[in-house]
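Enquirer: Pasting a structure below so you can have a look.
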Amino acid sequence: TTARLLDAANSLADWTDLDQLLAALADVLLRNVGHDCRIAVTLWDEERRAVVARASAGINRLTEGTVIPYDKFSVAGKRAMDTLSATVVDYDSLPKAERGSADENKYRLGLIIPLKRRTKFLGFMTLDDAGTRREFTQREIDLAEAVGSQASGAVENAQLLESEREVARLTDSLNVIGESIHSTLEFDEVMQQALDEGVKALACDAGAILMLEGDQWVVRHVYGFPSKEVGIGRSEHDAPNATRAAQTREVFAIPDISGDGKLSLAGKYGFKSVLAAPLFSRGTVIGCALFYTSTAVRYFSNVEIDFGRKLGTSVALAIENARVYKSERDIAERLQGALLAMPEGIGGIEFAHAYHSASEAARVGGDFYDLFEVNQHHVGITIGDVAGHGLDAAVLTALTKNTVRAHAAEVGKTPSQILALANDIVFRSTSAELFVTVFFGILDCRDGRLVYANAGHTTAGLVRPDGTTAKLPVTGPLLGAFAGSAFEQAESCLGLRDLLFLYTDGLTEARRGRQLYGEERLFAFLASAKDGSPRHLVAQVIDEIMSFSGNRLRDDLAILALKRVEHEAETRNRARTNSAPSS
C-alpha cells in the first residue's frame, strides 16, 4: 500500500491541470486507505482568508467551491495550519458545539494533512472517518504526510501553471479588445466594444458603463441588462461602486455587494459580486466600467483585477483618440461644408453636383468643387482632389480653393497663370507629400468659349446632344508638387445644349473585385445617358457607380456637371428680333 501510494503521488507531480490533479489525488487516497471515510482537498485563498474545496471523494462528499473561512477552522485545523504538520482530530471527544458537520455526518476520527511548500501553506488534505473508529497508526500518519508532501509540489506547480494560463488568457483577451476598440474612432462604439469583450473575458454575467455627467452617474452602455436602463441617471449614493472608483481612482473588486441599495444596478437586479474600473480622459475620471456576477459570491483574483486596470488604461487611450478625432472631424466637416457650398444659381448656366465619401471614418475628404462669377459674363469652374483625408486635407482644400478664387478675380489672369500662382503658394505652404490635382476653367456664358488648365486632374468630358463625347485632357503637372511649375491651357466651346462633366478619380477607380470602372466605361455611359440635364445625369452616374461597386467606394468622389443656358441679353435680343416688322 505504501509503495502504491507513493508511486501514485509521484505520478501526480507531472499533472498540469489543477482540478484533474486534485480529483486524482482524492481518488488515489480513497482507493488505498482502509477506512470508511470522506477525503477532501481544499486550497488556501489568501484574499478570502479561507480554504476552498476543490476535490472530494468518498461518503458525504464536500461540495466543490465550498468556502471555509479561517475563523471557522477547528482548533485542530488551526494547529495543523500553524505547525504545517499532520494532526489527528478525535471528533468523539469534542464538545457538540465544535463538531459541526462532523456530528451530522457521524464522523469519529479525522486526519488533517497540510499541503505545504517549504514554509508556505497551500491547503489541506483531510480524511474524515465514519467507520468503526480504527485509530490512525503513526505509520499511516507518516504515509499520509509523505503523500501530502509529494502532492504539495504538484499542487504548487499546477497553481503556477494555472496562474500563467490565466494571465496568458486575459492578455490575449486584452489584445483582442485593444484591436477591437482601436479599430473605430467612434466614442460610443469604443465603449460598447470594451464592455462586451470585458464581460466575456472575465466570465461575468453582466456589465455596464456609467458616465459621470454633472453630479449624476448615467448608464450609457449595458451588457446583460435591459436596454431600458440606458440613459437613467443615479446619484452618488445610488451608484456606490462607480462613486468609490472615482474617489479612489483605483480598480477594485467586492465579493459580496448584497448590501447595495435597491436603486443601484446591483441591488435592482440582485447581483452578487462586482469588479469596478474607473475610466479616464486626460487624467480626469469620466466614467466607470462595472462587471457583475449573479450566481454566487465571487472573489476576483489579482490577475483579474490587473486585467481591469489594463482594460481601463486601454479604453482611456481609445477614448482620447476618439475625442481628438471627433474634434478634428467636427472642425473639418464644418470647414468642408463651407468648401462644398455652392451658389443657388448663376446666370447663364444650369448645374448640379454630388459628393460621396468612401467610408464613415473617411467622410472628411479632400475632393472639392467650386463655381463662382468672375465678372458679369464669365464663370470660374473648379474641381480638385487633395491627397489625404481629415483636417489636413480640409485645410489644403481651403487654401487651394481660395487661392484660385483670389487670383481669378485679378483682371486679365488666364487659367494657366492662376494655377501657376496657386502652385507656388501650395508648394510653400505644405509638406512634400501633400499635393492637389485641379481642373480650373473660365467659361464665357455669352458664346460658350471655355479656357481651362488641368493640373494632373482626371480627364474632363463634353457630352453633345447627339450622344458624342469629347475629352478635355490634362495640361500640366500636379499642383504643389514642384516649385515653379508651368501649366499650359487649352480651349473648347460649350454649345447651348452641350454638357461639361467633371469628376474626381474616386469615380473611375471604383472597383468590382479586381475590375476598375475606368475612364472608357465612364465615357461610354455618358454617351448613352438619355436625359441631358445636369441634375439627372449626376444622379444616373451615382446610381451607376454604386451599382458597379456594390455600394463600396475605394475613394471619395465628387461630380460637377453644368450646361449653358441662354443668357438674359441673348433672350432679349431674340425677342426684339422676332417682334420687329419685316421689310
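Ordering of the C-alpha cells sets the chain letters (A, B, ...), residue numbers begin anew at 1 in every chain, and ligands are numbered from 1 in the order given.
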Find the spatial neighbours of Ala266 in chain A, counting only C-alpha atoms, within a cut-off of 10 Å - ignore same-chain residues fewer than 6 positions away - and output them as JSON, numbers by chain.
Expert: {"A": [238, 239, 240, 241, 257, 258, 259, 260, 272, 273, 274, 290, 292, 293, 294]}
Enquirer: If DSSP is run on the backbone, what residues of range 63-223 of chain A are strand (DSSP E)? A reply as number ranges by chain would be ideal.
Expert: A: 67-69, 87-90, 109-117, 120-129, 206-213, 216-223
Enquirer: Using only C-alpha atoms, determine which residues lie at most 12 Å from Arg169 in chain A, disregarding the query and same-chain residues fewer than 3 positions distant; provide the list as a VMD selection string.
Expert: chain A and resid 161 to 166 172 to 176 200 to 203 303 to 304 307
Enquirer: Once DSSP has gone over the backbone, tell me which residues of range 129-261 of chain A are in helix (DSSP H, G or I), as an MDAnalysis selection string.
Expert: chainID A and resid 138:181 187:201 227:229 240:248
Enquirer: So which one's closest to Ala486 in chain A, A:Pro415, A:Gly308, A:Pro278, A:Gly65? Using only C-alpha atoms, please.
Expert: A:Pro415
Enquirer: Would you mind listing what lies within 8 Å of Pro477 in chain A as a list in words, with only C-alpha atoms counted and same-chain residues fewer than 6 positions away left out?
Expert: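 Answer for this query is Ala455, Gly456, Ser485, Ala486 and Phe487 of chain A.
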Enquirer: Selected residues, N, CA and C atoms, written as a PDB file, in the first residue's frame, please.
Expert:
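Wrote out.pdb, looks like this:
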ATOM      1  N   ALA A 455      -4.327  70.607 -63.858  1.00  0.00           N
ATOM      2  CA  ALA A 455      -3.117  70.242 -63.109  1.00  0.00           C
ATOM      3  C   ALA A 455      -3.224  68.807 -62.603  1.00  0.00           C
ATOM      4  N   GLY A 456      -2.949  67.858 -63.499  1.00  0.00           N
ATOM      5  CA  GLY A 456      -2.906  66.449 -63.107  1.00  0.00           C
ATOM      6  C   GLY A 456      -4.230  65.845 -62.730  1.00  0.00           C
ATOM      7  N   SER A 485       6.383  75.304 -61.286  1.00  0.00           N
ATOM      8  CA  SER A 485       5.761  74.525 -62.366  1.00  0.00           C
ATOM      9  C   SER A 485       4.988  75.438 -63.316  1.00  0.00           C
ATOM     10  N   ALA A 486       5.069  75.108 -64.619  1.00  0.00           N
ATOM     11  CA  ALA A 486       4.315  75.852 -65.630  1.00  0.00           C
ATOM     12  C   ALA A 486       3.128  75.016 -66.084  1.00  0.00           C
ATOM     13  N   PHE A 487       2.035  75.670 -66.438  1.00  0.00           N
ATOM     14  CA  PHE A 487       0.813  74.971 -66.836  1.00  0.00           C
ATOM     15  C   PHE A 487       0.337  75.517 -68.176  1.00  0.00           C
TER      16      PHE A 487
END
